[in-house]
Amino acid sequence: MSEHSPDIPDPITPPADQSRLAHFPVTFFAIVMGLMGLALALHAGAPAALWLAQASSLVLLIGIAVFLVILAFYLAKALRYPAMVAEEWHHPVKLAFFPTVTVSLLLMATAVFPYNEMWATWIWLAGVAGQGVLTIAVVTGWISHRSFQVGHLTPAWFIPAVGNVIVPILGARIGYIEISWLFFSGGIIFWIVLLTLVMNRLIFHDPIVARLFPTMVILIAPPAVAFLAYVSMIGSVDGFARILLNAGYIFAALVAAQVPKLVRLPFALSWWALSFPLAALTIASLRFAQLEGSRGHQTIGLLILTLLSLVIAGLIWRTLLAVIRGEICRPE
């Protein structure tokens with residue numbers, strides 16, 4: 001006799017019909033990162049056009065709503081199918097996407113700050129606590145007894161490092177200076193180590209599989225975010241800040257050379273990896289323009305903002321289409 005009644009579904013293992021909820025991926029939170037990045041980028045561009053501030057507020061509200069919906073679905077999955085969450089946690093690629101939850105909170109806090117400082121601070125504190133725990137947990141998973149293959153390594157592994165360098169962007173403004181430097185230091189160290197590993201993997205080993213190839217764009221994010229964090233803490237632009245920003249431009253140029261390959265790839269949730277890095281480079285360019293009075297950087301920032309808006313509009317349309325067609329939330 002079966003251990004479970006045929007009328008009562010197994011609370012751990014997904015049923016034979018492969019429930020869509022059971023396959024609801026943690027990578028959905030990358031959508032929130034993209035929306036929050038767009039909200040912040042629009043706000044950064046507001047001095048050039050006042051209507052961008054209104055657009056920023058709207059995108060922020062949409063981003064918060066999307067975050068709550070995705071969080072509700074993922075919590076339901078965790079309660080209904082804990083084994084599937086555990087499977088994602090032990091997956092060599094998906095493991096790196098768990099910090100997208102706390103990164104989303106940190107970005108949300110930064111975007112909320114101009115409207116409500118108290119709520120922004122509480123959201124930021126929750127994001128910092130979660131980011132710290134997840135960073136240690138993810139890195140511990142990487143250096144545990146499990147054996148990873150070179151093919152498992154993608155630029156998505158930068159996500160925990162990026163999360164750490166986001167902390168100071170708001171943290172320095174609300175007075176948490178030492179915590180900001182702590183997370184910035186950890187993020188920079190992990191970025192340098194992972195950048196070495198990722199470049200070795202890209203140069204000397206097989207290409208990244210098509211489904212994960214869009215994560216190449218994540219290469220842009222760490223130096224761009226690190227620039228924003230660094231100038232937030234020191235309050236000005238120096239030589240190191242310039243190195244970080246220009247590193248972002250260099251990686252953007254490398255990624256641009258991959259566009260012909262990118263446009264031929266089928267859609268997957270990994271395509272949302274295009275959104276936040278472009279947002280980070282937009283904000284970094286506009287921030288440099290503000291601090292240094294550079295019209296050239298302002299123009300660059302506004303051009304990337306236009307591209308970012310088009311990319312996210314396309315991603316939203318393609319994601320909704322994929323949901324309707326049942327192309328996502330299914331076994332891989």
# chains A, B, ... in the order shown; residues from 1 in each chain; ligands from 1
>>> residues_around(residues="Glu327 in chain A", least_positions_apart="5", cutoff="12 Å", atoms="only C-alpha atoms", output="NGL selection string")
:A and (20 or 23-24 or 266-269 or 318-322 or 332)
>>> write_last_selection(atoms="N, CA and C atoms", output="PDB file, in the first residue's frame")
ATOM      1  N   ARG A  20       2.879  23.401 -11.584  1.00  0.00           N
ATOM      2  CA  ARG A  20       3.602  24.607 -11.972  1.00  0.00           C
ATOM      3  C   ARG A  20       4.226  25.279 -10.748  1.00  0.00           C
ATOM      4  N   HIS A  23       7.611  24.045  -9.689  1.00  0.00           N
ATOM      5  CA  HIS A  23       8.737  24.455 -10.535  1.00  0.00           C
ATOM      6  C   HIS A  23       8.831  25.981 -10.648  1.00  0.00           C
ATOM      7  N   PHE A  24       8.211  26.687  -9.697  1.00  0.00           N
ATOM      8  CA  PHE A  24       8.314  28.147  -9.664  1.00  0.00           C
ATOM      9  C   PHE A  24       9.734  28.503  -9.228  1.00  0.00           C
ATOM     10  N   PRO A 266      16.750  31.522 -27.707  1.00  0.00           N
ATOM     11  CA  PRO A 266      15.353  31.453 -27.270  1.00  0.00           C
ATOM     12  C   PRO A 266      15.183  32.128 -25.910  1.00  0.00           C
ATOM     13  N   PHE A 267      13.967  32.569 -25.618  1.00  0.00           N
ATOM     14  CA  PHE A 267      13.708  33.274 -24.367  1.00  0.00           C
ATOM     15  C   PHE A 267      13.753  32.320 -23.180  1.00  0.00           C
ATOM     16  N   ALA A 268      14.318  32.818 -22.079  1.00  0.00           N
ATOM     17  CA  ALA A 268      14.298  32.128 -20.785  1.00  0.00           C
ATOM     18  C   ALA A 268      14.334  33.215 -19.717  1.00  0.00           C
ATOM     19  N   LEU A 269      14.020  32.860 -18.491  1.00  0.00           N
ATOM     20  CA  LEU A 269      14.044  33.855 -17.417  1.00  0.00           C
ATOM     21  C   LEU A 269      15.427  34.478 -17.255  1.00  0.00           C
ATOM     22  N   ARG A 318       7.698  39.604 -23.255  1.00  0.00           N
ATOM     23  CA  ARG A 318       8.070  38.211 -23.541  1.00  0.00           C
ATOM     24  C   ARG A 318       7.814  37.299 -22.348  1.00  0.00           C
ATOM     25  N   THR A 319       7.959  37.835 -21.130  1.00  0.00           N
ATOM     26  CA  THR A 319       7.689  37.025 -19.932  1.00  0.00           C
ATOM     27  C   THR A 319       6.209  36.718 -19.816  1.00  0.00           C
ATOM     28  N   LEU A 320       5.364  37.728 -20.049  1.00  0.00           N
ATOM     29  CA  LEU A 320       3.906  37.499 -19.999  1.00  0.00           C
ATOM     30  C   LEU A 320       3.493  36.483 -21.057  1.00  0.00           C
ATOM     31  N   LEU A 321       4.088  36.587 -22.235  1.00  0.00           N
ATOM     32  CA  LEU A 321       3.795  35.635 -23.305  1.00  0.00           C
ATOM     33  C   LEU A 321       4.222  34.224 -22.907  1.00  0.00           C
ATOM     34  N   ALA A 322       5.378  34.118 -22.252  1.00  0.00           N
ATOM     35  CA  ALA A 322       5.865  32.807 -21.816  1.00  0.00           C
ATOM     36  C   ALA A 322       4.956  32.212 -20.744  1.00  0.00           C
ATOM     37  N   GLU A 332      13.045  21.216 -16.037  1.00  0.00           N
ATOM     38  CA  GLU A 332      14.114  21.550 -16.963  1.00  0.00           C
ATOM     39  C   GLU A 332      14.833  20.293 -17.415  1.00  0.00           C
TER      40      GLU A 332
END
>>> residues_around(residues="range 42-46 of chain A", least_positions_apart="4", cutoff="7 Å", atoms="only C-alpha atoms", output="JSON, numbers by chain")
{"A": [38, 50, 51, 52, 53, 55, 56, 283, 286, 302]}
>>> write_last_selection(atoms="C-alpha atoms", output="PDB file, in the first residue's frame")
ATOM      1  CA  LEU A  38      14.756  50.826 -13.728  1.00  0.00           C
ATOM      2  CA  LEU A  50      10.930  65.967 -14.759  1.00  0.00           C
ATOM      3  CA  TRP A  51       8.490  63.374 -16.108  1.00  0.00           C
ATOM      4  CA  LEU A  52      11.113  60.702 -15.398  1.00  0.00           C
ATOM      5  CA  ALA A  53      10.495  61.212 -11.664  1.00  0.00           C
ATOM      6  CA  ALA A  55       7.745  57.328 -14.212  1.00  0.00           C
ATOM      7  CA  SER A  56      10.166  56.267 -11.481  1.00  0.00           C
ATOM      8  CA  ILE A 283      22.869  55.232 -12.691  1.00  0.00           C
ATOM      9  CA  LEU A 286      24.449  59.840 -14.389  1.00  0.00           C
ATOM     10  CA  LEU A 302      20.445  58.924 -20.861  1.00  0.00           C
TER      11      LEU A 302
END
>>> residues_around(residues="range 99-112 of chain A", least_positions_apart="3", cutoff="9 Å", atoms="only C-alpha atoms", output="short mmCIF file (atom, residue, chain, number, x, y, z; two decimals) with all heavy atoms, in the first residue's frame")
data_model
loop_
_atom_site.label_atom_id
_atom_site.label_comp_id
_atom_site.auth_asym_id
_atom_site.auth_seq_id
_atom_site.Cartn_x
_atom_site.Cartn_y
_atom_site.Cartn_z
N VAL A 26 13.41 30.37 -8.24
CA VAL A 26 13.92 31.52 -7.49
C VAL A 26 14.42 32.61 -8.43
O VAL A 26 14.49 33.78 -8.05
CB VAL A 26 15.02 31.06 -6.52
CG1 VAL A 26 16.29 30.67 -7.28
CG2 VAL A 26 15.33 32.13 -5.48
N THR A 27 14.72 32.23 -9.67
CA THR A 27 15.21 33.21 -10.64
C THR A 27 14.17 34.28 -10.98
O THR A 27 14.50 35.31 -11.57
CB THR A 27 15.66 32.52 -11.94
OG1 THR A 27 14.64 31.61 -12.36
CG2 THR A 27 16.94 31.73 -11.72
N PHE A 28 12.91 34.07 -10.58
CA PHE A 28 11.87 35.08 -10.80
C PHE A 28 12.23 36.40 -10.11
O PHE A 28 11.81 37.47 -10.55
CB PHE A 28 10.52 34.59 -10.28
CG PHE A 28 9.60 34.10 -11.37
CD1 PHE A 28 9.18 32.78 -11.40
CD2 PHE A 28 9.14 34.96 -12.35
CE1 PHE A 28 8.32 32.32 -12.39
CE2 PHE A 28 8.28 34.52 -13.35
CZ PHE A 28 7.87 33.19 -13.37
N PHE A 29 12.99 36.33 -9.02
CA PHE A 29 13.33 37.55 -8.30
C PHE A 29 14.25 38.46 -9.11
O PHE A 29 14.39 39.64 -8.80
CB PHE A 29 13.97 37.21 -6.94
CG PHE A 29 12.98 36.73 -5.92
CD1 PHE A 29 12.81 35.39 -5.67
CD2 PHE A 29 12.21 37.64 -5.20
CE1 PHE A 29 11.89 34.93 -4.74
CE2 PHE A 29 11.28 37.21 -4.26
CZ PHE A 29 11.12 35.85 -4.03
N ALA A 30 14.87 37.91 -10.15
CA ALA A 30 15.68 38.76 -11.04
C ALA A 30 14.80 39.80 -11.73
O ALA A 30 15.28 40.88 -12.11
CB ALA A 30 16.41 37.90 -12.07
N VAL A 32 12.39 41.43 -10.27
CA VAL A 32 12.29 42.54 -9.31
C VAL A 32 13.55 43.39 -9.35
O VAL A 32 13.50 44.63 -9.31
CB VAL A 32 12.03 42.01 -7.88
CG1 VAL A 32 11.84 43.17 -6.91
CG2 VAL A 32 10.82 41.09 -7.85
N MET A 33 14.72 42.73 -9.42
CA MET A 33 15.97 43.49 -9.54
C MET A 33 15.93 44.42 -10.74
O MET A 33 16.35 45.58 -10.66
CB MET A 33 17.16 42.53 -9.64
CG MET A 33 17.52 41.81 -8.36
SD MET A 33 18.96 40.71 -8.56
CE MET A 33 20.21 41.86 -9.12
N GLY A 34 15.43 43.91 -11.87
CA GLY A 34 15.36 44.73 -13.07
C GLY A 34 14.42 45.91 -12.91
O GLY A 34 14.75 47.04 -13.30
N MET A 36 13.38 47.34 -10.05
CA MET A 36 13.92 48.29 -9.08
C MET A 36 15.09 49.08 -9.68
O MET A 36 15.25 50.28 -9.41
CB MET A 36 14.37 47.56 -7.81
CG MET A 36 13.23 46.99 -6.99
SD MET A 36 12.11 48.29 -6.43
CE MET A 36 10.73 47.31 -5.85
N GLY A 37 15.89 48.40 -10.48
CA GLY A 37 16.98 49.10 -11.16
C GLY A 37 16.45 50.17 -12.10
O GLY A 37 17.00 51.27 -12.17
N ALA A 39 13.55 51.75 -11.81
CA ALA A 39 13.02 52.84 -10.98
C ALA A 39 14.13 53.78 -10.53
O ALA A 39 14.00 55.00 -10.59
CB ALA A 39 12.28 52.26 -9.77
N LEU A 40 15.24 53.20 -10.10
CA LEU A 40 16.38 54.02 -9.65
C LEU A 40 17.02 54.76 -10.82
O LEU A 40 17.44 55.92 -10.68
CB LEU A 40 17.42 53.12 -8.97
CG LEU A 40 17.01 52.58 -7.59
CD1 LEU A 40 17.95 51.45 -7.17
CD2 LEU A 40 17.04 53.70 -6.56
N HIS A 43 14.84 57.70 -11.73
CA HIS A 43 14.99 58.75 -10.72
C HIS A 43 16.31 59.50 -10.92
O HIS A 43 16.37 60.73 -10.77
CB HIS A 43 14.95 58.13 -9.32
CG HIS A 43 14.90 59.14 -8.22
ND1 HIS A 43 16.05 59.64 -7.62
CD2 HIS A 43 13.87 59.77 -7.61
CE1 HIS A 43 15.72 60.51 -6.69
NE2 HIS A 43 14.40 60.61 -6.66
N SER A 56 9.44 57.01 -12.50
CA SER A 56 10.17 56.27 -11.48
C SER A 56 9.24 55.82 -10.36
O SER A 56 9.31 54.66 -9.90
CB SER A 56 11.30 57.13 -10.91
OG SER A 56 11.93 56.48 -9.82
N SER A 57 8.37 56.71 -9.91
CA SER A 57 7.42 56.37 -8.84
C SER A 57 6.49 55.23 -9.27
O SER A 57 6.22 54.31 -8.49
CB SER A 57 6.60 57.60 -8.45
OG SER A 57 7.43 58.64 -7.99
N LEU A 60 8.40 51.97 -9.40
CA LEU A 60 8.67 51.52 -8.04
C LEU A 60 7.46 50.80 -7.46
O LEU A 60 7.59 49.72 -6.86
CB LEU A 60 9.05 52.70 -7.16
CG LEU A 60 9.21 52.41 -5.66
CD1 LEU A 60 10.27 51.35 -5.41
CD2 LEU A 60 9.52 53.70 -4.90
N GLY A 63 7.13 47.51 -9.12
CA GLY A 63 8.17 46.62 -8.64
C GLY A 63 7.86 46.04 -7.27
O GLY A 63 8.09 44.85 -7.02
N ILE A 64 7.34 46.87 -6.37
CA ILE A 64 6.97 46.39 -5.03
C ILE A 64 5.85 45.36 -5.14
O ILE A 64 5.88 44.30 -4.48
CB ILE A 64 6.54 47.57 -4.13
CG1 ILE A 64 7.75 48.46 -3.84
CG2 ILE A 64 5.94 47.05 -2.83
CD1 ILE A 64 7.40 49.74 -3.09
N PHE A 67 7.25 42.14 -6.49
CA PHE A 67 8.03 41.48 -5.45
C PHE A 67 7.12 40.72 -4.49
O PHE A 67 7.39 39.55 -4.15
CB PHE A 67 8.86 42.50 -4.67
CG PHE A 67 9.59 41.92 -3.49
CD1 PHE A 67 10.77 41.21 -3.66
CD2 PHE A 67 9.10 42.07 -2.20
CE1 PHE A 67 11.45 40.67 -2.58
CE2 PHE A 67 9.76 41.54 -1.11
CZ PHE A 67 10.94 40.83 -1.30
N LEU A 71 7.15 36.75 -4.06
CA LEU A 71 7.47 36.25 -2.72
C LEU A 71 6.36 35.34 -2.22
O LEU A 71 6.64 34.28 -1.63
CB LEU A 71 7.66 37.43 -1.77
CG LEU A 71 8.05 37.06 -0.32
CD1 LEU A 71 9.41 36.37 -0.30
CD2 LEU A 71 8.08 38.32 0.55
N LEU A 95 21.81 28.16 -7.09
CA LEU A 95 22.22 28.58 -5.75
C LEU A 95 22.57 30.07 -5.72
O LEU A 95 22.20 30.79 -4.78
CB LEU A 95 23.43 27.75 -5.30
CG LEU A 95 24.13 28.19 -4.00
CD1 LEU A 95 23.18 28.07 -2.81
CD2 LEU A 95 25.39 27.34 -3.77
N ALA A 96 23.24 30.55 -6.75
CA ALA A 96 23.67 31.95 -6.79
C ALA A 96 22.52 32.92 -6.92
O ALA A 96 22.69 34.12 -6.69
CB ALA A 96 24.65 32.16 -7.94
N TYR A 115 11.10 58.88 -0.68
CA TYR A 115 9.69 59.03 -0.33
C TYR A 115 9.41 58.82 1.16
O TYR A 115 8.54 59.48 1.73
CB TYR A 115 8.84 58.06 -1.16
CG TYR A 115 9.09 58.15 -2.64
CD1 TYR A 115 9.95 57.25 -3.28
CD2 TYR A 115 8.48 59.14 -3.41
CE1 TYR A 115 10.19 57.33 -4.65
CE2 TYR A 115 8.71 59.23 -4.78
CZ TYR A 115 9.57 58.33 -5.38
OH TYR A 115 9.80 58.41 -6.73
N ASN A 116 10.14 57.87 1.78
CA ASN A 116 9.90 57.56 3.19
C ASN A 116 11.18 57.00 3.79
O ASN A 116 11.51 55.82 3.59
CB ASN A 116 8.74 56.57 3.34
CG ASN A 116 8.29 56.42 4.78
OD1 ASN A 116 9.09 56.19 5.68
ND2 ASN A 116 6.99 56.54 5.01
N GLU A 117 11.91 57.82 4.52
CA GLU A 117 13.21 57.41 5.04
C GLU A 117 13.10 56.30 6.09
O GLU A 117 13.95 55.42 6.14
CB GLU A 117 13.94 58.63 5.64
CG GLU A 117 14.30 59.69 4.62
CD GLU A 117 15.10 60.83 5.21
OE1 GLU A 117 15.57 60.67 6.37
OE2 GLU A 117 15.25 61.86 4.53
N TRP A 119 10.72 53.86 6.41
CA TRP A 119 10.45 52.57 5.77
C TRP A 119 11.68 52.09 5.00
O TRP A 119 12.00 50.89 5.01
CB TRP A 119 9.25 52.70 4.84
CG TRP A 119 7.94 52.54 5.54
CD1 TRP A 119 7.05 53.51 5.87
CD2 TRP A 119 7.38 51.31 6.02
NE1 TRP A 119 5.97 52.98 6.53
CE2 TRP A 119 6.15 51.63 6.63
CE3 TRP A 119 7.81 49.98 6.01
CZ2 TRP A 119 5.33 50.67 7.22
CZ3 TRP A 119 6.99 49.01 6.60
CH2 TRP A 119 5.76 49.36 7.19
N ALA A 120 12.37 53.00 4.35
CA ALA A 120 13.56 52.62 3.60
C ALA A 120 14.62 52.03 4.52
O ALA A 120 15.27 51.03 4.18
CB ALA A 120 14.12 53.84 2.87
N THR A 121 14.77 52.62 5.70
CA THR A 121 15.78 52.13 6.65
C THR A 121 15.44 50.73 7.12
O THR A 121 16.32 49.85 7.19
CB THR A 121 15.88 53.08 7.86
OG1 THR A 121 16.26 54.38 7.40
CG2 THR A 121 16.92 52.57 8.85
N TRP A 122 14.17 50.48 7.44
CA TRP A 122 13.78 49.15 7.90
C TRP A 122 13.93 48.11 6.80
O TRP A 122 14.38 46.98 7.05
CB TRP A 122 12.35 49.17 8.43
CG TRP A 122 12.22 49.76 9.80
CD1 TRP A 122 11.66 50.96 10.15
CD2 TRP A 122 12.71 49.19 11.03
NE1 TRP A 122 11.75 51.17 11.50
CE2 TRP A 122 12.39 50.10 12.07
CE3 TRP A 122 13.37 48.01 11.34
CZ2 TRP A 122 12.71 49.85 13.40
CZ3 TRP A 122 13.70 47.75 12.66
CH2 TRP A 122 13.37 48.66 13.68
N ILE A 123 13.55 48.47 5.58
CA ILE A 123 13.72 47.53 4.47
C ILE A 123 15.21 47.26 4.24
O ILE A 123 15.62 46.11 3.99
CB ILE A 123 13.07 48.10 3.18
CG1 ILE A 123 11.56 48.24 3.36
CG2 ILE A 123 13.37 47.19 1.98
CD1 ILE A 123 10.87 49.02 2.24
N TRP A 124 16.01 48.31 4.33
CA TRP A 124 17.46 48.16 4.15
C TRP A 124 18.05 47.25 5.22
O TRP A 124 18.87 46.36 4.90
CB TRP A 124 18.12 49.53 4.21
CG TRP A 124 19.61 49.52 4.00
CD1 TRP A 124 20.27 49.52 2.81
CD2 TRP A 124 20.62 49.50 5.02
NE1 TRP A 124 21.63 49.52 3.02
CE2 TRP A 124 21.87 49.50 4.36
CE3 TRP A 124 20.59 49.49 6.41
CZ2 TRP A 124 23.07 49.48 5.06
CZ3 TRP A 124 21.78 49.48 7.11
CH2 TRP A 124 23.02 49.47 6.44
N LEU A 125 17.66 47.42 6.47
CA LEU A 125 18.17 46.58 7.55
C LEU A 125 17.80 45.11 7.32
O LEU A 125 18.63 44.21 7.55
CB LEU A 125 17.63 47.06 8.90
CG LEU A 125 18.20 48.38 9.42
CD1 LEU A 125 17.43 48.86 10.64
CD2 LEU A 125 19.69 48.23 9.75
N ALA A 126 16.57 44.87 6.87
CA ALA A 126 16.17 43.49 6.56
C ALA A 126 17.00 42.92 5.42
O ALA A 126 17.45 41.76 5.46
CB ALA A 126 14.68 43.45 6.21
N GLY A 127 17.24 43.76 4.40
CA GLY A 127 18.05 43.31 3.27
C GLY A 127 19.48 43.03 3.66
O GLY A 127 20.08 42.04 3.21
N VAL A 128 20.05 43.88 4.51
CA VAL A 128 21.44 43.69 4.96
C VAL A 128 21.58 42.40 5.76
O VAL A 128 22.51 41.61 5.53
CB VAL A 128 21.90 44.90 5.81
CG1 VAL A 128 23.23 44.60 6.49
CG2 VAL A 128 22.05 46.13 4.93
N ALA A 129 20.66 42.18 6.68
CA ALA A 129 20.72 40.96 7.49
C ALA A 129 20.61 39.72 6.61
O ALA A 129 21.39 38.77 6.75
CB ALA A 129 19.60 40.99 8.54
N GLY A 130 19.64 39.74 5.69
CA GLY A 130 19.47 38.60 4.80
C GLY A 130 20.64 38.42 3.86
O GLY A 130 21.08 37.28 3.61
N GLN A 131 21.18 39.52 3.35
CA GLN A 131 22.33 39.44 2.44
C GLN A 131 23.54 38.86 3.14
O GLN A 131 24.28 38.04 2.57
CB GLN A 131 22.65 40.83 1.88
CG GLN A 131 23.79 40.85 0.87
CD GLN A 131 23.46 40.09 -0.40
OE1 GLN A 131 22.31 40.03 -0.80
NE2 GLN A 131 24.48 39.52 -1.03
N LEU A 134 22.90 35.08 3.57
CA LEU A 134 22.94 34.36 2.30
C LEU A 134 24.34 34.34 1.70
O LEU A 134 24.75 33.34 1.09
CB LEU A 134 21.97 34.98 1.30
CG LEU A 134 20.49 34.61 1.51
CD1 LEU A 134 19.61 35.37 0.53
CD2 LEU A 134 20.28 33.11 1.33
N THR A 135 25.10 35.41 1.87
CA THR A 135 26.48 35.42 1.35
C THR A 135 27.30 34.32 2.00
O THR A 135 27.99 33.55 1.31
CB THR A 135 27.14 36.78 1.60
OG1 THR A 135 26.44 37.80 0.88
CG2 THR A 135 28.60 36.77 1.14
N VAL A 138 25.91 30.89 0.80
CA VAL A 138 26.24 30.55 -0.58
C VAL A 138 27.72 30.23 -0.72
O VAL A 138 28.10 29.23 -1.35
CB VAL A 138 25.84 31.70 -1.52
CG1 VAL A 138 26.41 31.47 -2.92
CG2 VAL A 138 24.32 31.82 -1.59
N ILE A 159 26.25 37.42 -8.42
CA ILE A 159 25.10 38.02 -7.75
C ILE A 159 25.33 38.22 -6.25
O ILE A 159 25.02 39.31 -5.73
CB ILE A 159 23.83 37.19 -8.02
CG1 ILE A 159 23.46 37.28 -9.50
CG2 ILE A 159 22.66 37.69 -7.15
CD1 ILE A 159 22.31 36.38 -9.92
N PRO A 160 25.85 37.23 -5.51
CA PRO A 160 26.12 37.50 -4.09
C PRO A 160 27.09 38.65 -3.86
O PRO A 160 26.91 39.46 -2.94
CB PRO A 160 26.71 36.17 -3.58
CG PRO A 160 26.17 35.14 -4.52
CD PRO A 160 26.12 35.83 -5.86
N VAL A 162 27.60 41.23 -5.95
CA VAL A 162 26.91 42.46 -6.29
C VAL A 162 26.02 42.90 -5.14
O VAL A 162 25.94 44.09 -4.81
CB VAL A 162 26.08 42.27 -7.58
CG1 VAL A 162 25.19 43.48 -7.82
CG2 VAL A 162 26.99 42.05 -8.77
N GLY A 163 25.35 41.94 -4.52
CA GLY A 163 24.48 42.26 -3.39
C GLY A 163 25.23 42.95 -2.27
O GLY A 163 24.71 43.89 -1.65
N ASN A 164 26.45 42.53 -2.02
CA ASN A 164 27.23 43.14 -0.95
C ASN A 164 27.62 44.58 -1.26
O ASN A 164 27.60 45.44 -0.38
CB ASN A 164 28.50 42.31 -0.69
CG ASN A 164 28.19 41.00 0.00
OD1 ASN A 164 27.27 40.91 0.80
ND2 ASN A 164 28.96 39.96 -0.31
N ILE A 166 25.98 46.64 -3.06
CA ILE A 166 24.80 47.50 -3.07
C ILE A 166 24.55 48.11 -1.70
O ILE A 166 24.05 49.24 -1.58
CB ILE A 166 23.55 46.71 -3.54
CG1 ILE A 166 23.62 46.44 -5.04
CG2 ILE A 166 22.26 47.46 -3.22
CD1 ILE A 166 22.52 45.55 -5.56
N VAL A 167 24.93 47.38 -0.64
CA VAL A 167 24.66 47.81 0.74
C VAL A 167 25.08 49.26 1.01
O VAL A 167 24.32 50.04 1.58
CB VAL A 167 25.32 46.84 1.74
CG1 VAL A 167 25.31 47.42 3.16
CG2 VAL A 167 24.60 45.50 1.72
N ILE A 169 25.32 51.88 -0.87
CA ILE A 169 24.71 52.95 -1.66
C ILE A 169 23.73 53.74 -0.80
O ILE A 169 23.71 54.97 -0.81
CB ILE A 169 24.02 52.38 -2.91
CG1 ILE A 169 25.06 51.74 -3.84
CG2 ILE A 169 23.25 53.47 -3.66
CD1 ILE A 169 24.47 51.05 -5.06
N LEU A 170 22.92 53.02 -0.02
CA LEU A 170 22.02 53.69 0.92
C LEU A 170 22.62 53.72 2.32
O LEU A 170 22.42 54.70 3.06
CB LEU A 170 20.66 53.00 0.95
CG LEU A 170 19.62 53.60 1.93
CD1 LEU A 170 19.35 55.06 1.59
CD2 LEU A 170 18.34 52.79 1.91
N GLY A 171 23.37 52.68 2.66
CA GLY A 171 23.91 52.58 4.02
C GLY A 171 24.74 53.78 4.44
O GLY A 171 24.63 54.26 5.57
#
>>> residues_around(residues="Ala41 in chain A", least_positions_apart="6", cutoff="9 Å", atoms="only C-alpha atoms", output="NGL selection string")
:A and (56 or 279-283 or 286 or 301 or 305 or 308)
>>> closest_residue(among="A:Ile179, A:Met216, A:Val93, A:Leu153", to="Gln258 in chain A", atoms="only C-alpha atoms")
A:Met216
>>> residues_around(residues="His91 in chain A", least_positions_apart="2", cutoff="12 Å", atoms="only C-alpha atoms", output="VMD selection string")
chain A and resid 25 to 26 84 to 89 93 to 98 138 141 to 142 146 to 149 152 to 153
>>> atom_distance(atom1="CA of Ile177 in chain A", atom2="CA of Ile189 in chain A")
18.3 Å
>>> atom_distance(atom1="CA of Pro223 in chain A", atom2="CA of Ala247 in chain A")
6.1 Å
